[in-house]
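Chemist: Input file: structure08.txt. Contents: compact mmCIF, C-alpha atoms.
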```txt
# COMPACT_ATOMS: atom_id res chain seq x y z
CA MET A 1158 -29.85 53.99 59.74
CA ASN A 1159 -31.33 50.91 58.13
CA ASN A 1160 -34.88 49.61 58.44
CA ARG A 1161 -34.21 47.71 61.65
CA THR A 1162 -32.53 50.76 63.12
CA TRP A 1163 -35.59 52.86 62.40
CA MET A 1164 -37.93 50.36 64.01
CA SER A 1165 -35.71 49.92 67.05
CA ARG A 1166 -35.53 53.66 67.51
CA SER A 1167 -39.29 53.89 67.41
CA LEU A 1168 -39.55 51.28 70.13
CA ALA A 1169 -36.94 53.09 72.15
CA GLY A 1170 -38.91 56.30 71.81
CA THR A 1171 -41.94 54.48 73.17
CA ALA A 1172 -39.95 53.32 76.17
CA VAL A 1173 -38.79 56.85 76.87
CA MET A 1174 -42.35 58.11 76.73
CA MET A 1175 -43.53 55.39 79.10
CA LEU A 1176 -40.82 56.32 81.55
CA GLY A 1177 -42.06 59.89 81.46
CA PHE A 1178 -38.46 61.02 81.11
CA THR A 1179 -37.82 64.58 79.95
CA LEU A 1180 -34.81 66.82 79.80
CA ALA A 1181 -36.76 70.06 79.47
CA GLY A 1182 -36.06 71.05 83.04
CA CYS A 1183 -32.40 70.05 83.10
CA GLY A 1184 -29.57 72.49 82.78
CA GLY A 1185 -25.93 72.30 81.84
CA GLY A 1186 -25.16 68.61 82.31
CA GLY A 1187 -24.28 66.43 85.23
CA GLY A 1188 -20.83 67.84 85.98
CA ASP A 1189 -17.98 69.73 84.37
CA ALA A 1190 -14.88 68.95 82.36
CA SER A 1191 -12.72 68.30 85.43
CA SER A 1192 -14.98 65.43 86.51
CA ARG A 1193 -14.26 63.46 83.33
CA PRO A 1194 -11.47 60.87 82.84
CA GLU A 1195 -8.05 62.20 81.93
CA ASN A 1196 -6.77 61.59 78.41
CA GLU A 1197 -9.99 59.86 77.31
CA LEU A 1198 -12.90 60.74 75.09
CA HIS A 1199 -15.88 58.42 75.25
CA LEU A 1200 -17.75 57.90 71.98
CA ALA A 1201 -21.22 56.31 72.21
CA VAL A 1202 -22.60 54.68 69.08
CA TYR A 1203 -25.61 52.64 68.02
CA GLY A 1204 -24.52 49.01 68.06
CA ASP A 1205 -24.79 47.36 64.64
CA ALA A 1206 -22.74 46.27 61.63
CA SER A 1207 -21.50 49.80 60.92
CA ASN A 1208 -19.47 49.77 64.14
CA LYS A 1209 -16.47 48.31 62.35
CA VAL A 1210 -16.06 51.57 60.42
CA GLU A 1211 -16.46 53.59 63.59
CA GLN A 1212 -13.81 51.44 65.28
CA ALA A 1213 -11.51 51.95 62.30
CA MET A 1214 -11.84 55.74 62.62
CA VAL A 1215 -11.21 55.54 66.38
CA ASP A 1216 -8.11 53.43 65.78
CA LYS A 1217 -6.83 55.90 63.19
CA PHE A 1218 -7.33 58.82 65.58
CA ASN A 1219 -5.71 57.00 68.49
CA GLU A 1220 -2.56 56.33 66.46
CA THR A 1221 -1.46 59.95 66.76
CA SER A 1222 -3.42 61.42 69.68
CA ASP A 1223 -2.36 61.48 73.33
CA VAL A 1224 -6.05 61.67 74.23
CA LYS A 1225 -7.52 58.30 73.32
CA ILE A 1226 -11.09 57.68 72.18
CA VAL A 1227 -12.95 54.80 73.81
CA LEU A 1228 -15.74 53.39 71.61
CA ASP A 1229 -18.82 52.46 73.63
CA THR A 1230 -21.31 50.46 71.55
CA ILE A 1231 -24.86 50.30 72.91
CA PRO A 1232 -27.29 47.66 71.56
CA GLY A 1233 -29.58 49.27 68.99
CA ALA A 1234 -32.84 48.46 70.77
CA ASP A 1235 -31.52 50.13 73.94
CA TYR A 1236 -29.62 53.04 72.41
CA GLN A 1237 -32.09 55.91 72.56
CA THR A 1238 -33.35 55.01 76.03
CA LYS A 1239 -29.80 54.60 77.40
CA LEU A 1240 -28.69 57.90 75.89
CA GLN A 1241 -31.66 59.76 77.34
CA THR A 1242 -30.84 58.28 80.76
CA ILE A 1243 -27.14 59.19 80.91
CA ILE A 1244 -26.90 62.37 78.85
CA ASP A 1245 -27.19 64.71 81.85
CA THR A 1246 -24.99 62.66 84.21
CA ASP A 1247 -21.25 62.24 84.76
CA SER A 1248 -21.50 59.09 82.62
CA ALA A 1249 -22.51 61.06 79.53
CA PRO A 1250 -20.44 60.38 76.39
CA ASP A 1251 -18.19 63.13 75.07
CA ILE A 1252 -19.32 62.42 71.51
CA PHE A 1253 -22.44 60.48 70.55
CA PHE A 1254 -24.36 59.12 67.58
CA ASN A 1255 -27.81 60.58 66.84
CA TRP A 1256 -30.31 61.36 64.08
CA GLY A 1257 -30.22 65.16 64.24
CA GLY A 1258 -33.51 67.06 64.33
CA GLY A 1259 -35.86 66.08 67.12
CA SER A 1260 -33.49 63.43 68.45
CA ILE A 1261 -31.25 66.18 69.89
CA ALA A 1262 -33.69 69.09 70.24
CA ASN A 1263 -34.34 68.37 73.93
CA PHE A 1264 -30.60 68.16 74.58
CA VAL A 1265 -30.08 71.57 72.96
CA GLU A 1266 -32.94 73.06 74.97
CA ALA A 1267 -31.42 71.64 78.16
CA ASP A 1268 -28.04 73.22 77.28
CA LEU A 1269 -26.27 69.87 77.16
CA LEU A 1270 -24.61 70.14 73.74
CA LEU A 1271 -21.65 72.07 72.46
CA PRO A 1272 -22.37 74.27 69.43
CA LEU A 1273 -19.87 73.35 66.73
CA ASP A 1274 -19.72 76.75 65.04
CA ASP A 1275 -16.32 77.58 66.55
CA PHE A 1276 -14.97 74.29 65.22
CA ILE A 1277 -16.38 75.14 61.79
CA GLU A 1278 -14.89 78.63 61.89
CA GLU A 1279 -11.46 77.07 62.37
CA ASP A 1280 -12.04 74.39 59.74
CA ALA A 1281 -14.74 75.27 57.19
CA GLN A 1282 -14.62 71.72 55.81
CA LEU A 1283 -16.55 70.52 58.85
CA LYS A 1284 -19.51 72.12 57.08
CA ASP A 1285 -18.50 72.66 53.46
CA ALA A 1286 -17.39 69.05 52.94
CA PHE A 1287 -20.99 67.83 53.35
CA LEU A 1288 -24.05 68.20 51.15
CA PRO A 1289 -26.05 71.21 52.44
CA SER A 1290 -29.46 69.48 52.46
CA VAL A 1291 -28.02 66.93 54.90
CA PHE A 1292 -25.87 69.15 57.11
CA GLU A 1293 -28.81 71.43 57.95
CA THR A 1294 -30.67 68.60 59.70
CA ALA A 1295 -28.53 69.11 62.82
CA VAL A 1296 -28.73 72.91 62.78
CA ILE A 1297 -31.00 74.15 65.56
CA ASP A 1298 -31.71 77.83 66.24
CA ASP A 1299 -29.07 78.73 63.63
CA LYS A 1300 -26.34 76.81 65.47
CA SER A 1301 -24.67 73.62 64.29
CA TYR A 1302 -24.82 70.67 66.67
CA GLY A 1303 -23.87 67.71 64.51
CA ILE A 1304 -21.38 66.48 61.93
CA PRO A 1305 -22.72 63.86 59.46
CA MET A 1306 -21.44 60.29 59.80
CA ARG A 1307 -22.45 56.94 58.28
CA GLY A 1308 -24.71 57.42 55.21
CA THR A 1309 -27.86 58.92 53.81
CA GLN A 1310 -31.06 56.97 53.13
CA PRO A 1311 -33.69 58.77 51.07
CA VAL A 1312 -37.10 57.18 50.62
CA MET A 1313 -37.79 56.08 47.04
CA LEU A 1314 -40.51 54.33 45.08
CA PHE A 1315 -39.25 50.82 44.33
CA ASN A 1316 -40.87 48.61 41.71
CA ASN A 1317 -40.93 45.14 40.23
CA SER A 1318 -40.08 45.96 36.62
CA GLU A 1319 -41.41 42.65 35.32
CA VAL A 1320 -44.78 43.15 36.99
CA LEU A 1321 -45.03 46.69 35.61
CA LYS A 1322 -44.22 45.46 32.09
CA GLN A 1323 -46.83 42.69 32.27
CA ALA A 1324 -49.44 45.23 33.38
CA GLY A 1325 -48.64 47.53 30.47
CA ILE A 1326 -46.79 50.15 32.51
CA ASP A 1327 -43.85 51.34 30.42
CA ALA A 1328 -42.07 53.43 33.07
CA PRO A 1329 -42.32 54.27 36.79
CA PRO A 1330 -44.89 57.02 37.41
CA ALA A 1331 -43.43 60.52 37.26
CA THR A 1332 -46.69 62.22 38.29
CA TRP A 1333 -49.53 61.50 40.70
CA ASP A 1334 -51.97 60.94 37.85
CA GLU A 1335 -49.60 58.39 36.36
CA LEU A 1336 -49.44 56.62 39.74
CA LEU A 1337 -53.24 56.45 39.94
CA ASP A 1338 -53.31 55.09 36.38
CA ALA A 1339 -50.71 52.47 37.31
CA VAL A 1340 -52.80 51.44 40.31
CA GLU A 1341 -55.76 50.70 38.04
CA LYS A 1342 -53.64 48.72 35.59
CA LEU A 1343 -52.09 46.63 38.35
CA LYS A 1344 -55.48 45.91 39.90
CA ALA A 1345 -56.74 44.81 36.50
CA ALA A 1346 -53.76 42.48 36.27
CA GLY A 1347 -54.69 40.90 39.60
CA VAL A 1348 -51.74 42.38 41.48
CA THR A 1349 -51.69 44.47 44.68
CA PRO A 1350 -50.55 47.82 43.29
CA ILE A 1351 -48.43 48.94 46.27
CA ALA A 1352 -46.94 46.75 49.00
CA LEU A 1353 -47.20 48.35 52.44
CA GLY A 1354 -45.89 47.09 55.78
CA GLY A 1355 -48.69 48.83 57.63
CA ALA A 1356 -48.27 46.73 60.77
CA ASP A 1357 -44.93 48.49 61.36
CA GLN A 1358 -46.67 51.90 60.98
CA TRP A 1359 -43.53 53.84 60.02
CA PRO A 1360 -43.77 52.72 56.37
CA THR A 1361 -47.24 54.29 56.26
CA GLN A 1362 -45.77 57.51 57.62
CA MET A 1363 -43.58 57.77 54.48
CA TRP A 1364 -46.66 58.41 52.34
CA PHE A 1365 -47.68 61.35 54.53
CA GLN A 1366 -44.19 62.85 54.48
CA TYR A 1367 -44.03 62.99 50.71
CA MET A 1368 -47.66 63.92 50.14
CA PHE A 1369 -47.53 66.88 52.50
CA ASP A 1370 -44.25 68.04 51.01
CA ARG A 1371 -45.45 67.73 47.39
CA VAL A 1372 -48.81 69.42 48.04
CA ALA A 1373 -47.88 72.08 50.60
CA GLY A 1374 -44.12 72.47 50.22
CA GLU A 1375 -41.54 72.20 52.96
CA GLY A 1376 -42.95 75.17 54.90
CA LEU A 1377 -46.04 73.48 56.35
CA PHE A 1378 -44.23 70.76 58.27
CA GLN A 1379 -41.53 73.16 59.41
CA ALA A 1380 -44.19 75.54 60.71
CA ALA A 1381 -45.78 72.65 62.62
CA LEU A 1382 -42.41 71.75 64.14
CA ASP A 1383 -42.00 75.38 65.16
CA GLY A 1384 -45.28 75.20 67.10
CA ASP A 1385 -47.89 76.48 64.62
CA THR A 1386 -50.49 73.74 64.98
CA ASP A 1387 -53.01 75.68 62.86
CA VAL A 1388 -51.20 74.58 59.69
CA TRP A 1389 -52.58 71.07 60.09
CA GLU A 1390 -56.04 72.53 59.41
CA SER A 1391 -54.94 74.43 56.31
CA GLU A 1392 -56.40 73.93 52.87
CA GLU A 1393 -53.15 72.32 51.72
CA SER A 1394 -53.18 69.88 54.63
CA ARG A 1395 -56.72 68.78 53.90
CA LYS A 1396 -55.90 68.45 50.20
CA ALA A 1397 -52.96 66.16 51.00
CA LEU A 1398 -55.12 64.04 53.28
CA GLY A 1399 -57.87 63.89 50.68
CA MET A 1400 -55.47 62.64 48.02
CA LEU A 1401 -54.12 59.98 50.37
CA ARG A 1402 -57.66 58.88 51.15
CA GLU A 1403 -58.36 58.66 47.41
CA LEU A 1404 -55.32 56.41 46.97
CA VAL A 1405 -56.30 54.10 49.82
CA ASP A 1406 -59.94 53.92 48.69
CA ALA A 1407 -58.79 53.08 45.16
CA GLY A 1408 -57.39 49.85 46.58
CA ALA A 1409 -53.78 50.83 46.01
CA PHE A 1410 -52.57 48.93 49.08
CA GLY A 1411 -54.97 46.01 48.97
CA THR A 1412 -57.07 45.10 51.99
CA ASN A 1413 -54.69 43.45 54.47
CA PHE A 1414 -51.82 45.98 54.66
CA ASP A 1415 -52.37 46.41 58.40
CA SER A 1416 -51.28 42.81 58.97
CA VAL A 1417 -48.16 43.01 56.79
CA LYS A 1418 -44.73 44.06 58.06
CA PHE A 1419 -41.55 45.21 56.39
CA THR A 1420 -39.44 44.16 59.37
CA ASP A 1421 -40.19 40.45 58.97
CA GLY A 1422 -39.78 40.50 55.19
CA GLY A 1423 -43.50 40.55 54.43
CA SER A 1424 -43.83 43.60 52.20
CA PRO A 1425 -40.48 43.11 50.42
CA THR A 1426 -41.55 39.57 49.57
CA LEU A 1427 -44.80 40.83 48.06
CA LEU A 1428 -42.72 42.96 45.70
CA SER A 1429 -40.04 40.41 44.83
CA SER A 1430 -42.52 37.56 44.34
CA GLY A 1431 -44.54 39.56 41.83
CA ARG A 1432 -47.60 39.97 44.04
CA ALA A 1433 -47.14 43.77 44.18
CA GLY A 1434 -45.96 46.38 41.73
CA PHE A 1435 -44.47 49.08 43.96
CA GLU A 1436 -43.22 49.77 47.47
CA LEU A 1437 -42.32 53.15 48.98
CA MET A 1438 -39.29 52.48 51.16
CA GLY A 1439 -35.95 53.80 52.34
CA SER A 1440 -32.93 53.21 50.17
CA TRP A 1441 -31.92 50.28 52.40
CA ALA A 1442 -34.58 48.29 50.50
CA TYR A 1443 -31.96 47.43 47.87
CA ALA A 1444 -29.74 45.77 50.48
CA THR A 1445 -32.78 43.98 51.92
CA HIS A 1446 -33.64 42.48 48.54
CA LEU A 1447 -29.99 41.77 47.72
CA ASP A 1448 -29.70 39.70 50.89
CA ALA A 1449 -32.97 37.81 50.38
CA ASN A 1450 -33.05 37.49 46.59
CA PRO A 1451 -29.88 38.64 44.80
CA GLU A 1452 -31.18 37.86 41.31
CA PHE A 1453 -34.26 40.01 41.85
CA ALA A 1454 -32.25 42.89 43.30
CA GLU A 1455 -29.73 42.88 40.47
CA ASN A 1456 -32.01 42.26 37.50
CA VAL A 1457 -35.63 43.14 38.29
CA LEU A 1458 -35.80 45.71 41.08
CA GLY A 1459 -36.42 49.24 39.81
CA TYR A 1460 -36.50 52.57 41.61
CA SER A 1461 -37.63 56.14 41.05
CA GLU A 1462 -38.45 59.37 42.84
CA PHE A 1463 -41.79 60.01 44.50
CA PRO A 1464 -44.18 61.35 41.84
CA ALA A 1465 -44.67 65.08 41.26
CA ILE A 1466 -48.08 66.57 41.99
CA GLU A 1467 -49.43 69.05 39.46
CA GLY A 1468 -50.25 72.35 41.12
CA GLY A 1469 -48.46 71.38 44.33
CA GLU A 1470 -46.22 73.89 46.08
CA GLY A 1471 -43.43 71.40 46.83
CA ASP A 1472 -40.43 71.02 44.58
CA PRO A 1473 -40.61 67.58 42.88
CA ASP A 1474 -36.91 67.10 43.63
CA ASN A 1475 -37.46 67.39 47.38
CA LEU A 1476 -36.66 64.26 49.37
CA ALA A 1477 -37.88 62.71 52.59
CA GLY A 1478 -36.28 60.04 54.73
CA ASN A 1479 -33.18 59.62 56.85
CA THR A 1480 -30.85 62.44 55.93
CA ASN A 1481 -27.92 60.93 57.81
CA ASN A 1482 -26.68 60.07 61.26
CA PHE A 1483 -24.63 62.62 63.17
CA TYR A 1484 -21.99 62.99 65.85
CA SER A 1485 -22.71 65.62 68.49
CA VAL A 1486 -20.41 66.77 71.31
CA HIS A 1487 -21.37 67.08 74.96
CA LYS A 1488 -20.97 70.55 76.44
CA ASP A 1489 -18.93 69.24 79.37
CA THR A 1490 -16.33 67.35 77.37
CA ARG A 1491 -12.86 67.73 78.81
CA TYR A 1492 -11.15 67.74 75.42
CA PRO A 1493 -13.12 69.81 72.87
CA GLU A 1494 -10.10 70.39 70.61
CA GLU A 1495 -9.43 66.66 70.34
CA ALA A 1496 -13.12 66.06 69.67
CA ALA A 1497 -12.91 68.53 66.80
CA GLU A 1498 -9.90 66.72 65.38
CA PHE A 1499 -11.78 63.43 65.46
CA LEU A 1500 -14.78 64.93 63.68
CA LYS A 1501 -12.51 65.95 60.79
CA LEU A 1502 -12.09 62.27 59.96
CA MET A 1503 -15.77 62.21 58.93
CA TYR A 1504 -14.92 63.88 55.62
CA SER A 1505 -11.69 61.99 54.95
CA ASP A 1506 -11.21 59.76 51.91
CA GLU A 1507 -10.57 56.79 54.18
CA PHE A 1508 -13.90 57.29 55.97
CA VAL A 1509 -15.80 57.47 52.67
CA GLN A 1510 -14.14 54.35 51.29
CA GLU A 1511 -14.78 52.37 54.49
CA GLN A 1512 -18.48 53.34 54.48
CA ILE A 1513 -19.01 52.56 50.81
CA ALA A 1514 -17.37 49.18 51.30
CA ILE A 1515 -20.13 48.14 53.74
CA GLY A 1516 -22.95 49.60 51.64
CA ASN A 1517 -23.43 53.00 53.27
CA LEU A 1518 -23.56 56.19 51.19
CA PRO A 1519 -21.77 59.09 52.92
CA THR A 1520 -22.91 62.63 52.13
CA THR A 1521 -19.50 64.20 51.77
CA THR A 1522 -18.67 66.17 48.65
CA ASN A 1523 -15.80 63.76 47.92
CA THR A 1524 -18.07 60.69 47.97
CA GLU A 1525 -18.76 60.99 44.25
CA GLN A 1526 -15.22 60.03 43.28
CA PHE A 1527 -15.50 56.71 45.11
CA LEU A 1528 -18.94 55.56 43.91
CA ASP A 1529 -17.46 53.10 41.43
CA GLU A 1530 -16.24 51.14 44.45
CA ALA A 1531 -19.81 50.53 45.65
CA SER A 1532 -21.38 47.07 45.35
CA ASN A 1533 -23.87 48.57 42.85
CA PRO A 1534 -22.30 51.74 41.40
CA GLU A 1535 -25.37 52.64 39.32
CA TYR A 1536 -27.64 52.53 42.36
CA ALA A 1537 -25.14 54.39 44.53
CA LYS A 1538 -24.79 57.15 41.93
CA TYR A 1539 -28.56 57.45 41.57
CA GLN A 1540 -29.00 57.90 45.32
CA PHE A 1541 -26.13 60.36 45.60
CA ASP A 1542 -27.47 62.50 42.76
CA LEU A 1543 -30.92 62.57 44.36
CA VAL A 1544 -29.47 63.92 47.59
CA LYS A 1545 -27.02 66.24 45.89
CA GLU A 1546 -29.74 67.86 43.76
CA ALA A 1547 -32.48 67.97 46.40
CA PRO A 1548 -33.47 71.54 47.29
CA HIS A 1549 -34.80 70.21 50.60
CA PHE A 1550 -34.44 66.88 52.45
CA GLN A 1551 -37.24 66.41 54.97
CA LEU A 1552 -36.25 64.39 58.01
CA SER A 1553 -38.73 61.63 58.81
CA TRP A 1554 -41.53 62.93 60.98
CA ASP A 1555 -40.82 60.54 63.86
CA GLN A 1556 -37.24 61.80 63.92
CA ALA A 1557 -37.96 65.46 63.43
CA TYR A 1558 -40.19 65.45 66.51
CA PRO A 1559 -38.83 64.40 69.93
CA PRO A 1560 -39.06 60.65 70.68
CA GLU A 1561 -42.13 61.01 72.89
CA ALA A 1562 -44.17 62.02 69.81
CA THR A 1563 -43.52 58.75 67.96
CA VAL A 1564 -46.52 56.80 69.26
CA THR A 1565 -48.96 59.63 68.46
CA ILE A 1566 -47.62 60.06 64.92
CA HIS A 1567 -47.51 56.36 64.11
CA THR A 1568 -50.98 55.76 65.52
CA ALA A 1569 -52.45 58.68 63.57
CA VAL A 1570 -51.04 57.65 60.18
CA SER A 1571 -52.03 54.03 60.75
CA GLN A 1572 -55.57 54.80 61.84
CA PHE A 1573 -56.10 57.22 58.96
CA PHE A 1574 -55.08 54.62 56.38
CA SER A 1575 -57.27 51.97 58.00
CA GLY A 1576 -60.26 54.31 58.15
CA GLN A 1577 -60.48 54.41 61.94
CA ILE A 1578 -60.14 58.19 61.88
CA ASP A 1579 -60.97 60.78 59.22
CA GLU A 1580 -59.21 64.01 58.25
CA ASP A 1581 -60.42 65.78 61.39
CA GLY A 1582 -59.18 62.94 63.58
CA PHE A 1583 -55.74 63.03 61.98
CA ILE A 1584 -55.53 66.80 62.30
CA LYS A 1585 -56.50 66.64 65.96
CA ALA A 1586 -53.82 64.03 66.64
CA MET A 1587 -51.08 66.07 64.98
CA GLN A 1588 -52.17 69.22 66.75
CA SER A 1589 -51.66 67.44 70.06
CA LEU A 1590 -47.91 67.13 69.50
```
Kindly present the structure from the file in C-alpha cells form.
Modeler:
Amino acid sequence: MNNRTWMSRSLAGTAVMMLGFTLAGCGGGGGDASSRPENELHLAVYGDASNKVEQAMVDKFNETSDVKIVLDTIPGADYQTKLQTIIDTDSAPDIFFNWGGGSIANFVEADLLLPLDDFIEEDAQLKDAFLPSVFETAVIDDKSYGIPMRGTQPVMLFNNSEVLKQAGIDAPPATWDELLDAVEKLKAAGVTPIALGGADQWPTQMWFQYMFDRVAGEGLFQAALDGDTDVWESEESRKALGMLRELVDAGAFGTNFDSVKFTDGGSPTLLSSGRAGFELMGSWAYATHLDANPEFAENVLGYSEFPAIEGGEGDPDNLAGNTNNFYSVHKDTRYPEEAAEFLKLMYSDEFVQEQIAIGNLPTTTNTEQFLDEASNPEYAKYQFDLVKEAPHFQLSWDQAYPPEATVTIHTAVSQFFSGQIDEDGFIKAMQSL
C-alpha cells in the first residue's frame, strides 16, 4: 500500500465510522456456497496501478482452471467502505484484498472468514514461503486468515545527504542521542531538522509507533490491542511520550508542520529542496521522490533505520509500517479448493518478478534472487534485509485497530504534537479505543 492508499484507507475508515456500521453482531455471512455463481470465484481488490499484476495472476490461473476468477477492482477511496457493506451479503467476494490485523478482525469475530490452516497443512509453502514477521500479521487467535500479496513497506528515516554533510553530520543517527544532536546541528544551519506532513496526521503516527516500540518493546502495544488499556498509563508509555515531547519542543519539526502534507508533495519537497534534513516515511518515499525529482532520488536521498534507544526494551531491529497486503477467503465460498490453488501463485517466481517490475517488494523467501531486477537493486536489497532480519514488524496503529478507531488515533497523535493535549490527554484518548 503506497502513501495515497494509506490516506484513502483512513478516509474510508472515517466513512465507516460515520455510518455506524459494525459487523460485531453478524454471524456466518449472507448465504451459503450454493447461492454463489457456478464456476466463478470473485476476487475483490483495491483499485490502483498494482491491478495489472493481479490481473496477470488471474489470467494465469484461468488458463488451466475450469472455475474462472473474475477480478473486481474497487476504486481505492471507496474500497474499505464497499467491502464493509457487502462482506456479509450474497454479493461478498470469495477472495479479497486487505491489510491484515484490525482490517479483518471484525470479519473474523463475525465468523465471515475461512481459516486457511487446512490449506497450509496441505501445502506448507502457503506459510513457509513468506517471511515470518509479515505472515503473522494476518494470524488472529492462532489461526491464519491471510496470504501475503503485493509488497512490504517498512517505515524508514530518509535524509538529504547533502544537507546532513553541510551541517556537519557524518552519518544518519543510529541512536536517539545522535538524532537529538543532529537536530541541534540542523537548526544551527538554518534548516528544519525533520520534515513532517502533520496535516495528514498519519505521518505523525509513525513517530509514536517507533517510539513506543523502542522504549517499551512490542508487548505494550499488543497488550493494548488485546484490551489492556492500563498499559497506556505505564511508566514506559509515559517515558515514550516524554521523549516525543522533548523532540517536538526542541524544534525538530519546525513550527508549521500542522499545515504541511505529504499527500500533496509538501513534506517530500522540504526534504528534496534542502529545507529539511530528515523525514520519517514509508518505503514508498523513494518512488515519490523518483517521480518528482529523479536526480535527487538517485544521488542524494539517503535512508536508515529508526534510531535505537539506550535502555529501551524494544529490539533496535524491530520495524513498523505496512507489513504487506493480504488475500483472505470468505467462509461461504463455493470453491475453496480452487481458491487455495490461486493463493499458491502468490509465492511463484512469476508473481515476484511481476511485482518487482512495478516497484513492489514481495515478502516471499524467493524474492531475494530477483532483487537485481528492481529499478534500484541497492534500495530493494536494503528494504528486504530489514524485513528479513526484523524480530518483529509492528503493523501501523491505524491498521492494527479496526477502522472505526482511525479518527481517535489520528486526532490524538496530532493534538499531542501540536500541544493541544498533554500526556494524560493522549493516554485518555488511547484508552477509549
Chemist: Skipping near chain neighbours, those fewer than 2 positions away, what residues fall within 8 Å of region 1525-1533 of chain A using all atoms listed in the file, listed as an MDAnalysis selection string?
Modeler: chainID A and resid 1509:1510 1513:1514 1516 1522:1523 1535:1538 1541
Chemist: Check the smallest atom-to-atom distance from each of A:Gly1459, A:Gly1423, A:Pro1194, A:Pro1289 to Glu1319 (chain A) using only C-alpha atoms, then report the winner.
Modeler: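 Of the candidates, the smallest distance to Glu1319 (chain A) is held by A:Gly1459.
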Chemist: Please, what distance in Å, to one decimal, runs between CA of Ala1262 (chain A) and CA of Ala1286 (chain A)?
Modeler: 23.8 Å
Chemist: Within 12 Å of region 1295-1302 of chain A, counting all atoms listed in the file, which residues qualify if same-chain residues fewer than 6 places away don't, as a PDB file with C-alpha atoms, in the coordinates of the input?
Modeler:
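Written file, out.pdb:
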```
ATOM      1  CA  ILE A1252     -19.320  62.420  71.510  1.00  0.00           C
ATOM      2  CA  PHE A1253     -22.440  60.480  70.550  1.00  0.00           C
ATOM      3  CA  PHE A1254     -24.360  59.120  67.580  1.00  0.00           C
ATOM      4  CA  ASN A1255     -27.810  60.580  66.840  1.00  0.00           C
ATOM      5  CA  TRP A1256     -30.310  61.360  64.080  1.00  0.00           C
ATOM      6  CA  GLY A1257     -30.220  65.160  64.240  1.00  0.00           C
ATOM      7  CA  GLY A1258     -33.510  67.060  64.330  1.00  0.00           C
ATOM      8  CA  GLY A1259     -35.860  66.080  67.120  1.00  0.00           C
ATOM      9  CA  SER A1260     -33.490  63.430  68.450  1.00  0.00           C
ATOM     10  CA  ILE A1261     -31.250  66.180  69.890  1.00  0.00           C
ATOM     11  CA  ALA A1262     -33.690  69.090  70.240  1.00  0.00           C
ATOM     12  CA  ASN A1263     -34.340  68.370  73.930  1.00  0.00           C
ATOM     13  CA  PHE A1264     -30.600  68.160  74.580  1.00  0.00           C
ATOM     14  CA  VAL A1265     -30.080  71.570  72.960  1.00  0.00           C
ATOM     15  CA  GLU A1266     -32.940  73.060  74.970  1.00  0.00           C
ATOM     16  CA  ASP A1268     -28.040  73.220  77.280  1.00  0.00           C
ATOM     17  CA  LEU A1269     -26.270  69.870  77.160  1.00  0.00           C
ATOM     18  CA  LEU A1270     -24.610  70.140  73.740  1.00  0.00           C
ATOM     19  CA  LEU A1271     -21.650  72.070  72.460  1.00  0.00           C
ATOM     20  CA  PRO A1272     -22.370  74.270  69.430  1.00  0.00           C
ATOM     21  CA  LEU A1273     -19.870  73.350  66.730  1.00  0.00           C
ATOM     22  CA  ASP A1274     -19.720  76.750  65.040  1.00  0.00           C
ATOM     23  CA  ASP A1275     -16.320  77.580  66.550  1.00  0.00           C
ATOM     24  CA  PHE A1276     -14.970  74.290  65.220  1.00  0.00           C
ATOM     25  CA  ILE A1277     -16.380  75.140  61.790  1.00  0.00           C
ATOM     26  CA  GLU A1278     -14.890  78.630  61.890  1.00  0.00           C
ATOM     27  CA  LEU A1283     -16.550  70.520  58.850  1.00  0.00           C
ATOM     28  CA  LYS A1284     -19.510  72.120  57.080  1.00  0.00           C
ATOM     29  CA  PRO A1289     -26.050  71.210  52.440  1.00  0.00           C
ATOM     30  CA  LEU A1382     -42.410  71.750  64.140  1.00  0.00           C
ATOM     31  CA  ASP A1383     -42.000  75.380  65.160  1.00  0.00           C
ATOM     32  CA  THR A1480     -30.850  62.440  55.930  1.00  0.00           C
ATOM     33  CA  ASN A1481     -27.920  60.930  57.810  1.00  0.00           C
ATOM     34  CA  ASN A1482     -26.680  60.070  61.260  1.00  0.00           C
ATOM     35  CA  PHE A1483     -24.630  62.620  63.170  1.00  0.00           C
ATOM     36  CA  TYR A1484     -21.990  62.990  65.850  1.00  0.00           C
ATOM     37  CA  SER A1485     -22.710  65.620  68.490  1.00  0.00           C
ATOM     38  CA  VAL A1486     -20.410  66.770  71.310  1.00  0.00           C
ATOM     39  CA  HIS A1487     -21.370  67.080  74.960  1.00  0.00           C
ATOM     40  CA  LYS A1488     -20.970  70.550  76.440  1.00  0.00           C
ATOM     41  CA  LEU A1500     -14.780  64.930  63.680  1.00  0.00           C
ATOM     42  CA  LEU A1552     -36.250  64.390  58.010  1.00  0.00           C
ATOM     43  CA  GLN A1556     -37.240  61.800  63.920  1.00  0.00           C
ATOM     44  CA  ALA A1557     -37.960  65.460  63.430  1.00  0.00           C
TER      45      ALA A1557
END
```
Chemist: So what do you get for CA of Glu1392 (chain A) versus CA of Ala1373 (chain A), distance-wise?
Modeler: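 These atoms are spaced 9.0 Å apart.
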Chemist: With distances taken over all atoms listed in the file, which residue among A:Pro1305, A:Gly1384, A:Gly1347, A:Gly1471 lies nearest Met1587 (chain A)?
Modeler: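 The answer is A:Gly1384, which sits nearest to Met1587 (chain A).
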Chemist: My list of candidates is A:Ser1207, A:Thr1349, A:Thr1386, A:Asn1456. Which is closest to Ala1409 (chain A) when distances are computed with all atoms listed in the file?
Modeler: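 Looking at the shortest contact to Ala1409 (chain A), the residue is A:Thr1349.
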Chemist: Which residues come within 9 Å of Pro1360 (chain A), counting all atoms listed in the file, excluding same-chain residues fewer than 2 positions away, as a PyMOL selection string?
Modeler: chain A and resi 1353-1358+1362-1364+1418-1419+1437-1439
Chemist: Looking at A:Thr1490, A:Gln1310, A:Ser1394, A:Gln1282, which one is nearest to Ser1505 (chain A), with distances taken over all atoms listed in the file?
Modeler: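 For Ser1505 (chain A), the nearest of the given residues is A:Gln1282.
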